[in-house]
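Engineer: Here it is, the structure, as structure tokens.
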Amino acid sequence: MELNLQLPSINVTSLKEAPIHTSRQIQPHGVLLVLAEPELQILQVSNNTWAVFGIEPEAMLQKKLEDLLDSYQLERIKTGLAGDNLEFINPTKLWFRKKGDEYIVFDAVFHRNSEGCLILELEPTFSQENIPFLSFYHLAKASINQLEKTSNLRDFCQIIVQEVRKVTGFDRVMLYKFDHDGHGSVIAEEKLETLEPYLGLHYPESDIPKPARKLFASNSIRIIPDAKAEPVQLITAINPVSQRSVDLTNSILRSAASCHLEYLHNMGVGASLTISLIKDQKLWGLIACHHQTPKFVSYELRKACEFLGRVIFAEISAREETEDYDYRMNLTHIQSLLVEYMSQEENFIDGLVKHQPNLLDLTSAQGAAVCFGDRCTLIGETPAEEDLNFLVQWLKNNVDEEVFYTNSLPQVYPDAEKFKNVASGLLAIPISKRNYVLWFRPEVIQTVNWGGDPHKAFEVSQTDGDVRLCPRKSFELWKETVKLTSLPWQYVEIKAALELRKAIVNIVLRQADELAQLAQDLERSNAELKKFAYVASHDLQEPLNQVANYVQLLEMRYNEELDEDAKEFIGFAVQGVSLMQTLIDDVLAYSKVDTQAIAFQLTEVETALEHALSNLRQRIAETGTVITYDPLPTVMAGSTQLMQLFQNLIANAIKFRSNQPPRIHVGAERLEDEWLFWVRDNGIGIEPKFSDRIFVIFQRLHTRDEYPGTGMGLAICKKIAECHRGRIWVESQLGEGATFYFTIPVGGRERERRNGRQAQNHIFGRG
């Protein structure tokens with residue numbers, strides 16, 4: 001036999017996952033008939049009917065079931081087949097005439113396959129009596145009484161294998177549990193003393209490949225009474241109705257795959273009985289019974305074992321859940337606290353990391369990260385933020401499930417090896433397509449005992465063009481030091497993470513609704529402000545003009561009759577009206593600085609500055625102000641707004657001048673993603689403690705007698721800067737002049753608005 005593990009033309013995965021439910025062979029201890037309803041005509045038959053019935057297989061294909069059975073049995077079968085559940089007639093005792101007056105009795109089992117064919121399987125009956133109900137009841141009760149005496153799950157499993165071995169008489173009975181990674185381990189064993197122990201050994205996933213697991217999940221019990229028996233072919237190999245190999249998924253007699261039979265031979269197994277243990281509709285494990293020589297187990301005893309297995313496993317599930325109960329309750333309490341914290345904080349992330357207990361306690365992790373938007377919030381021992389960004393990108397491209405978990409991240413994401421000390425294990429939940437909550441566990445180096453070398457679990461054999469898998473021959477203890485793995489994530493931890501995901505999504509959606517409501521309120525407020533501005537610019541101006549005009553008319557008409565005090569009072573009234581008009585104009589100017597009202601375009605900053613200087617030329621000339629400026633760039637901005645910004649800042653610099661003639665310099669500098677501008681003067685300066693207050697509307701540091709004005713100029717500057725998605729601030733000391741800085745992003749506000757929309761879509765996973 002030629003062995004080759006690296007033949008480029010061989011797809012090993014396809015060999016491991018080749019379908020085995022459409023086998024064209026059965027085990028020789030029984031007979032299989034494929035029948036067409038309703039006439040029950042024989043379409044296919046196993047090639048051993050001559051030895052059983054004395055009829056050649058080809059002759060059987062010309063017959064109907066009525067040709068083999070008496071009318072009483074046939075009528076009983078047809079009545080049973082008319083029911084909804086074939087389990088009510090399985091098994092049925094059938095008497096077939098063999099030769100002359102000789103009869104042979106079978107346990108008959110009916111089932112229908114996925115193609116609608118009726119399959120009848122016949123197994124010889126060793127005893128014509130079923131197991132008495134009371135006998136089985138006492139058998140089950142004795143087993144359950146034994147189980148009730150122990151509370152330890154491991155001891156519980158050991159009692160199971162003891163009782164099953166006592167019932168069946170097999171040389172070895174094992175309880176085999178599947179791990180989360182597909183591998184399995186023997187957690188309980190009862191055997192002959194002379195046999196090599198398998199207890200505690202791990203077995204690779206390839207020992208029970210996916211097709212076999214699928215069949216174990218469909219069939220709760222599987223018998224191979226003679227692992228060395230030659231299989232029997234079906235006649236014909238192809239079903240004449242479906243034109244395919246017949247589906248034998250639920251077949252009792254279906255022949256095992258040759259690779260599995262060779263596997264049993266290598267283990268020294270002559271017969272096997274396997275009972276499937278199902279939890280939450282998934283294959284949790286197996287009760288595997290092995291015998292060194294051929295051993296037949298009657299249908300009744302097999303069904304008794306199946307029932308016993310189900311009853312016992314229901315208790316296993318209950319014990320597992322009981323052992324997890326306290327931990328699960330603790331995680332539920334932590335989860336409820338985290339939801340409460342998130343609801344109380346403005347930013348839900350603060351609720352996850354700033355309190356006790358926090359995000360780490362929910363999964364017993366050593367590190368965690370909340371990657372939301374363009375920012376990662378870290379807690380505990382985690383990879384560097386740069387590594388996290390790449391990891392999140394990998395998750396986006398490769399994971400579609402609601403939860404992803406592994407205790408060996410470097411195996412699926414090789415770049416994780418460099419941070420194995422903090423993140424060999426990963427549990428991740430997506431909040432949206434681009435946002436994740438991550439938990440990390442460090443590497444834990446451990447020794448695993450395998451039943452044979454898991455890296456040589458099978459070989460590929462190629463002989464005369466026939467390619468097949470061959471199982472390993474050695475099952476001796478093989479120790480492996482496992483690295484790049486963490487402690488596994490428990491089911492209750494994964495479930496707690498999923499529940500937290502639901503809570504976070506609900507909170508994010510609620511906050512989005514609140515932001516949408518706030519946006520509506522702001523839009524309504526802006527509309528009201530615009531209405532006020534309209535009233536101020538039209539309706540209020542007219543009565544003010546009337547007050548000013550009539551007061552001045554009184555002064556002109558009665559000038560000769562007024563004394564100095566009266567003339568002074570009239571002057572005060574006119575000044576008040578003038579100040580009121582200026583204030584209204586400033587409020588109107590402030591209200592017009594609106595994000596939707598600015599037409600952004602490529603604007604030469606130097607041109608906007610020159611327009612501002614032109615508007616201030618009289619004041620500049622009167623005060624002897626000297627203004628200089630550096631070469632200025634072209635930006636995306638509102639030209640009128642930019643001109644007003646420079647005009648207000650320069651007018652302020654002239655107004656708050658010192659004893660020296662004002663000297664003002666305008667400069668600019670390109671930063672990473674924005675332009676920085678400044679207006680520097682040699683005026684009276686500002687105390688640093690007032691550096692924020694001066695930008696607030698109507699705020700003044702001096703009386704109007706000292707420096708006239710409404711306190712609106714810098715507030716307008718601040719609003720203009722913010723409408724351009726920039727900032728404005730001042731750096732100054734009293735008596736040392738002041739420098740006002742403001743920024744305009746590169747690309748202007750239109751790019752920022754687009755990025756804002758993208759960020760909003762980013763949060764909720766839209767394109």
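By order of appearance in the structure tokens: chains A, B, ..., then residues from 1 within every chain, and ligands from 1 in the order shown.
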Near Leu192 of chain A, counting only C-alpha atoms, which residues have an atom at most 9 Å away, once you skip same-chain residues fewer than 4 positions from it, shown as JSON, numbers by chain?

Structural biologist: {"A": [171, 172, 196]}

Engineer: Please tabulate, as JSON lines, the residues of segment 225-301 of chain A that come within 12 Å of segment 75-98 of chain A, each with its closest pair of atoms and the distance in Å to one decimal, counting only C-alpha atoms and ordering rows by chain, then residue number upward.

Structural biologist:
```
{"residue": "A:Ile252", "atom": "CA", "partner": "A:Pro91", "partner_atom": "CA", "distance": 11.9}
{"residue": "A:Ser298", "atom": "CA", "partner": "A:Pro91", "partner_atom": "CA", "distance": 11.0}
{"residue": "A:Tyr299", "atom": "CA", "partner": "A:Pro91", "partner_atom": "CA", "distance": 7.8}
{"residue": "A:Glu300", "atom": "CA", "partner": "A:Pro91", "partner_atom": "CA", "distance": 8.4}
{"residue": "A:Leu301", "atom": "CA", "partner": "A:Pro91", "partner_atom": "CA", "distance": 12.0}
```

Engineer: Could you take the residues named above and write them with C-alpha atoms, as an mmCIF file, in the first residue's frame?

Structural biologist:
```
data_model
loop_
_atom_site.group_PDB
_atom_site.id
_atom_site.type_symbol
_atom_site.label_atom_id
_atom_site.label_comp_id
_atom_site.auth_asym_id
_atom_site.auth_seq_id
_atom_site.Cartn_x
_atom_site.Cartn_y
_atom_site.Cartn_z
ATOM 1 C CA ILE A 252 -30.380 0.098 11.401
ATOM 2 C CA SER A 298 -31.612 -7.735 20.394
ATOM 3 C CA TYR A 299 -33.808 -4.892 19.228
ATOM 4 C CA GLU A 300 -35.710 -4.873 22.546
ATOM 5 C CA LEU A 301 -32.535 -4.631 24.595
#
```

Engineer: Mind checking which residues fall within 7 Å of Leu175 of chain A, counting only C-alpha atoms, ignoring those fewer than 6 positions away in the same chain, and posting them as a list in words?

Structural biologist: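 Neighbouring residues, sequence-local ones excluded: Val161, Val186, Ile187, Ala188, Glu189, Leu286, Ile287 and Ala288 of chain A.
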
Engineer: Tell me, as a PyMOL selection string, which residues lie within 8 Å of Leu645 of chain A, counting only C-alpha atoms; anything in the same chain fewer than 2 positions away does not count.

Structural biologist: chain A and resi 641-643+647-649+716-717+720

Engineer: Which residues are near segment 490-499 of chain A? Cut-off 12 Å, only C-alpha atoms, ignore same chain within fewer than 6 positions. Put them as an MDAnalysis selection string.

Structural biologist: chainID A and resid 179:180 320:321 323:336 338:339 359:365 401:407 425:431 436:439 505:506

Engineer: Write out as a list in words which residues come within 10 Å of segment 342-351 of chain A when counting only C-alpha atoms, dropping same-chain ones fewer than 2 positions away.

Structural biologist: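 Listed by chain and then number, they are Ser336, Leu337, Leu338, Val339, Glu340, Val353, Lys354, His355, Gln356, Asn358, Leu359, Ala369, Val370, Cys371, Phe372, Cys376, Thr377, Val437, Ala503, Ile504, Ile507, Val508, Arg510 and Gln511 of chain A.
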
Engineer: Restricted to N, CA, C and O atoms, what would the selected residues look like written as a tab-separated table (two decimals), in the first residue's frame?

Structural biologist:
```
chain	number	residue	atom	x	y	z
A	336	SER	N	-27.41	42.55	35.00
A	336	SER	CA	-28.45	43.53	35.33
A	336	SER	C	-27.83	44.82	35.84
A	336	SER	O	-28.33	45.92	35.53
A	337	LEU	N	-26.73	44.72	36.61
A	337	LEU	CA	-26.05	45.93	37.09
A	337	LEU	C	-25.44	46.71	35.93
A	337	LEU	O	-25.53	47.94	35.89
A	338	LEU	N	-24.83	46.00	34.98
A	338	LEU	CA	-24.23	46.68	33.82
A	338	LEU	C	-25.29	47.42	33.02
A	338	LEU	O	-25.05	48.53	32.55
A	339	VAL	N	-26.45	46.79	32.85
A	339	VAL	CA	-27.54	47.45	32.11
A	339	VAL	C	-27.99	48.70	32.86
A	339	VAL	O	-28.23	49.76	32.25
A	340	GLU	N	-28.06	48.61	34.18
A	340	GLU	CA	-28.45	49.77	34.99
A	340	GLU	C	-27.40	50.88	34.86
A	340	GLU	O	-27.75	52.06	34.68
A	353	VAL	N	-17.43	50.24	32.03
A	353	VAL	CA	-16.03	50.19	32.49
A	353	VAL	C	-15.74	50.99	33.76
A	353	VAL	O	-14.72	50.76	34.40
A	354	LYS	N	-16.62	51.90	34.16
A	354	LYS	CA	-16.28	52.82	35.25
A	354	LYS	C	-16.77	52.37	36.62
A	354	LYS	O	-16.44	53.00	37.62
A	355	HIS	N	-17.58	51.32	36.67
A	355	HIS	CA	-18.17	50.91	37.94
A	355	HIS	C	-17.69	49.52	38.34
A	355	HIS	O	-16.97	48.85	37.59
A	356	GLN	N	-18.09	49.10	39.52
A	356	GLN	CA	-17.84	47.73	39.99
A	356	GLN	C	-19.18	47.07	40.31
A	356	GLN	O	-19.98	47.66	41.02
A	358	ASN	N	-17.63	45.37	36.60
A	358	ASN	CA	-17.52	45.94	35.27
A	358	ASN	C	-17.54	44.85	34.21
A	358	ASN	O	-17.86	43.69	34.49
A	359	LEU	N	-17.19	45.24	33.01
A	359	LEU	CA	-17.26	44.34	31.85
A	359	LEU	C	-16.46	43.06	32.05
A	359	LEU	O	-16.86	41.99	31.58
A	369	ALA	N	-12.35	45.22	25.70
A	369	ALA	CA	-12.30	46.45	24.90
A	369	ALA	C	-13.67	46.69	24.29
A	369	ALA	O	-14.35	45.74	23.87
A	370	VAL	N	-14.07	47.96	24.26
A	370	VAL	CA	-15.29	48.36	23.56
A	370	VAL	C	-14.85	49.23	22.39
A	370	VAL	O	-14.37	50.35	22.58
A	371	CYS	N	-14.93	48.68	21.19
A	371	CYS	CA	-14.52	49.40	19.98
A	371	CYS	C	-15.77	49.95	19.32
A	371	CYS	O	-16.56	49.19	18.71
A	372	PHE	N	-15.95	51.25	19.46
A	372	PHE	CA	-17.17	51.91	19.00
A	372	PHE	C	-16.78	53.15	18.23
A	372	PHE	O	-16.07	54.00	18.74
A	376	CYS	N	-11.37	52.94	20.76
A	376	CYS	CA	-11.43	51.73	21.57
A	376	CYS	C	-11.23	52.10	23.04
A	376	CYS	O	-10.24	52.74	23.38
A	377	THR	N	-12.17	51.72	23.88
A	377	THR	CA	-12.05	51.91	25.33
A	377	THR	C	-11.56	50.61	25.93
A	377	THR	O	-12.19	49.56	25.75
A	437	VAL	N	-17.70	44.52	21.13
A	437	VAL	CA	-17.24	44.38	22.50
A	437	VAL	C	-16.41	43.10	22.54
A	437	VAL	O	-16.85	42.05	22.06
A	503	ALA	N	-28.91	44.17	25.24
A	503	ALA	CA	-29.11	45.37	26.06
A	503	ALA	C	-28.40	46.56	25.44
A	503	ALA	O	-28.94	47.67	25.39
A	504	ILE	N	-27.16	46.36	24.96
A	504	ILE	CA	-26.40	47.46	24.37
A	504	ILE	C	-27.09	47.97	23.11
A	504	ILE	O	-27.22	49.18	22.90
A	507	ILE	N	-29.99	50.09	24.05
A	507	ILE	CA	-29.60	51.39	24.58
A	507	ILE	C	-29.10	52.31	23.47
A	507	ILE	O	-29.43	53.50	23.41
A	508	VAL	N	-28.31	51.76	22.55
A	508	VAL	CA	-27.80	52.57	21.43
A	508	VAL	C	-28.97	53.07	20.57
A	508	VAL	O	-29.00	54.24	20.16
A	510	ARG	N	-32.02	53.50	21.60
A	510	ARG	CA	-32.76	54.50	22.38
A	510	ARG	C	-32.06	55.85	22.33
A	510	ARG	O	-32.69	56.90	22.16
A	511	GLN	N	-30.71	55.82	22.46
A	511	GLN	CA	-29.97	57.08	22.39
A	511	GLN	C	-30.09	57.71	21.01
A	511	GLN	O	-30.13	58.93	20.87
```

Engineer: Excluding Pro662 of chain A and any residue of its chain fewer than 3 positions from it, enumerate the residues within 7 Å of it, using only C-alpha atoms, and give them as an MDAnalysis selection string.

Structural biologist: chainID A and resid 625:626 654 657 681:683

Engineer: Next, dump the selected residues to file, keeping only all heavy atoms, as an mmCIF file, in the first residue's frame.

Structural biologist:
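Saved result, again-v2.cif, follows:
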```cif
data_model
loop_
_atom_site.group_PDB
_atom_site.id
_atom_site.type_symbol
_atom_site.label_atom_id
_atom_site.label_comp_id
_atom_site.auth_asym_id
_atom_site.auth_seq_id
_atom_site.Cartn_x
_atom_site.Cartn_y
_atom_site.Cartn_z
ATOM 1 N N THR A 625 -3.364 102.437 13.217
ATOM 2 C CA THR A 625 -3.104 100.993 13.340
ATOM 3 C C THR A 625 -2.239 100.503 12.188
ATOM 4 O O THR A 625 -2.455 100.881 11.023
ATOM 5 C CB THR A 625 -4.434 100.216 13.354
ATOM 6 O OG1 THR A 625 -5.218 100.666 14.454
ATOM 7 C CG2 THR A 625 -4.192 98.714 13.467
ATOM 8 N N VAL A 626 -1.267 99.649 12.524
ATOM 9 C CA VAL A 626 -0.411 99.009 11.515
ATOM 10 C C VAL A 626 -0.796 97.524 11.458
ATOM 11 O O VAL A 626 -0.738 96.816 12.467
ATOM 12 C CB VAL A 626 1.083 99.151 11.861
ATOM 13 C CG1 VAL A 626 1.937 98.389 10.842
ATOM 14 C CG2 VAL A 626 1.474 100.621 11.903
ATOM 15 N N ILE A 654 -8.324 96.704 17.673
ATOM 16 C CA ILE A 654 -8.202 98.175 17.623
ATOM 17 C C ILE A 654 -8.892 98.801 18.833
ATOM 18 O O ILE A 654 -8.374 99.739 19.458
ATOM 19 C CB ILE A 654 -8.820 98.702 16.312
ATOM 20 C CG1 ILE A 654 -8.016 98.194 15.106
ATOM 21 C CG2 ILE A 654 -8.878 100.223 16.320
ATOM 22 C CD1 ILE A 654 -8.639 98.544 13.763
ATOM 23 N N ARG A 657 -7.024 98.705 22.507
ATOM 24 C CA ARG A 657 -5.609 99.030 22.316
ATOM 25 C C ARG A 657 -5.024 99.629 23.599
ATOM 26 O O ARG A 657 -5.733 100.097 24.478
ATOM 27 C CB ARG A 657 -5.452 100.017 21.163
ATOM 28 C CG ARG A 657 -6.216 101.319 21.358
ATOM 29 C CD ARG A 657 -6.129 102.166 20.088
ATOM 30 N NE ARG A 657 -6.828 103.439 20.234
ATOM 31 C CZ ARG A 657 -8.124 103.606 20.022
ATOM 32 N NH1 ARG A 657 -8.886 102.591 19.668
ATOM 33 N NH2 ARG A 657 -8.672 104.803 20.162
ATOM 34 N N ASP A 681 -2.197 90.920 18.605
ATOM 35 C CA ASP A 681 -2.166 92.377 18.795
ATOM 36 C C ASP A 681 -1.273 92.734 19.972
ATOM 37 O O ASP A 681 -0.798 91.858 20.702
ATOM 38 C CB ASP A 681 -3.590 92.917 18.981
ATOM 39 C CG ASP A 681 -4.257 92.392 20.249
ATOM 40 O OD1 ASP A 681 -3.658 92.543 21.334
ATOM 41 O OD2 ASP A 681 -5.380 91.838 20.161
ATOM 42 N N ASN A 682 -1.063 94.029 20.177
ATOM 43 C CA ASN A 682 -0.247 94.540 21.300
ATOM 44 C C ASN A 682 -1.106 95.360 22.260
ATOM 45 O O ASN A 682 -0.644 96.322 22.858
ATOM 46 C CB ASN A 682 0.911 95.391 20.783
ATOM 47 C CG ASN A 682 0.403 96.631 20.038
ATOM 48 O OD1 ASN A 682 -0.762 96.680 19.630
ATOM 49 N ND2 ASN A 682 1.264 97.636 19.873
ATOM 50 N N GLY A 683 -2.402 94.926 22.405
ATOM 51 C CA GLY A 683 -3.353 95.694 23.197
ATOM 52 C C GLY A 683 -3.238 95.442 24.686
ATOM 53 O O GLY A 683 -2.215 94.995 25.202
#
```
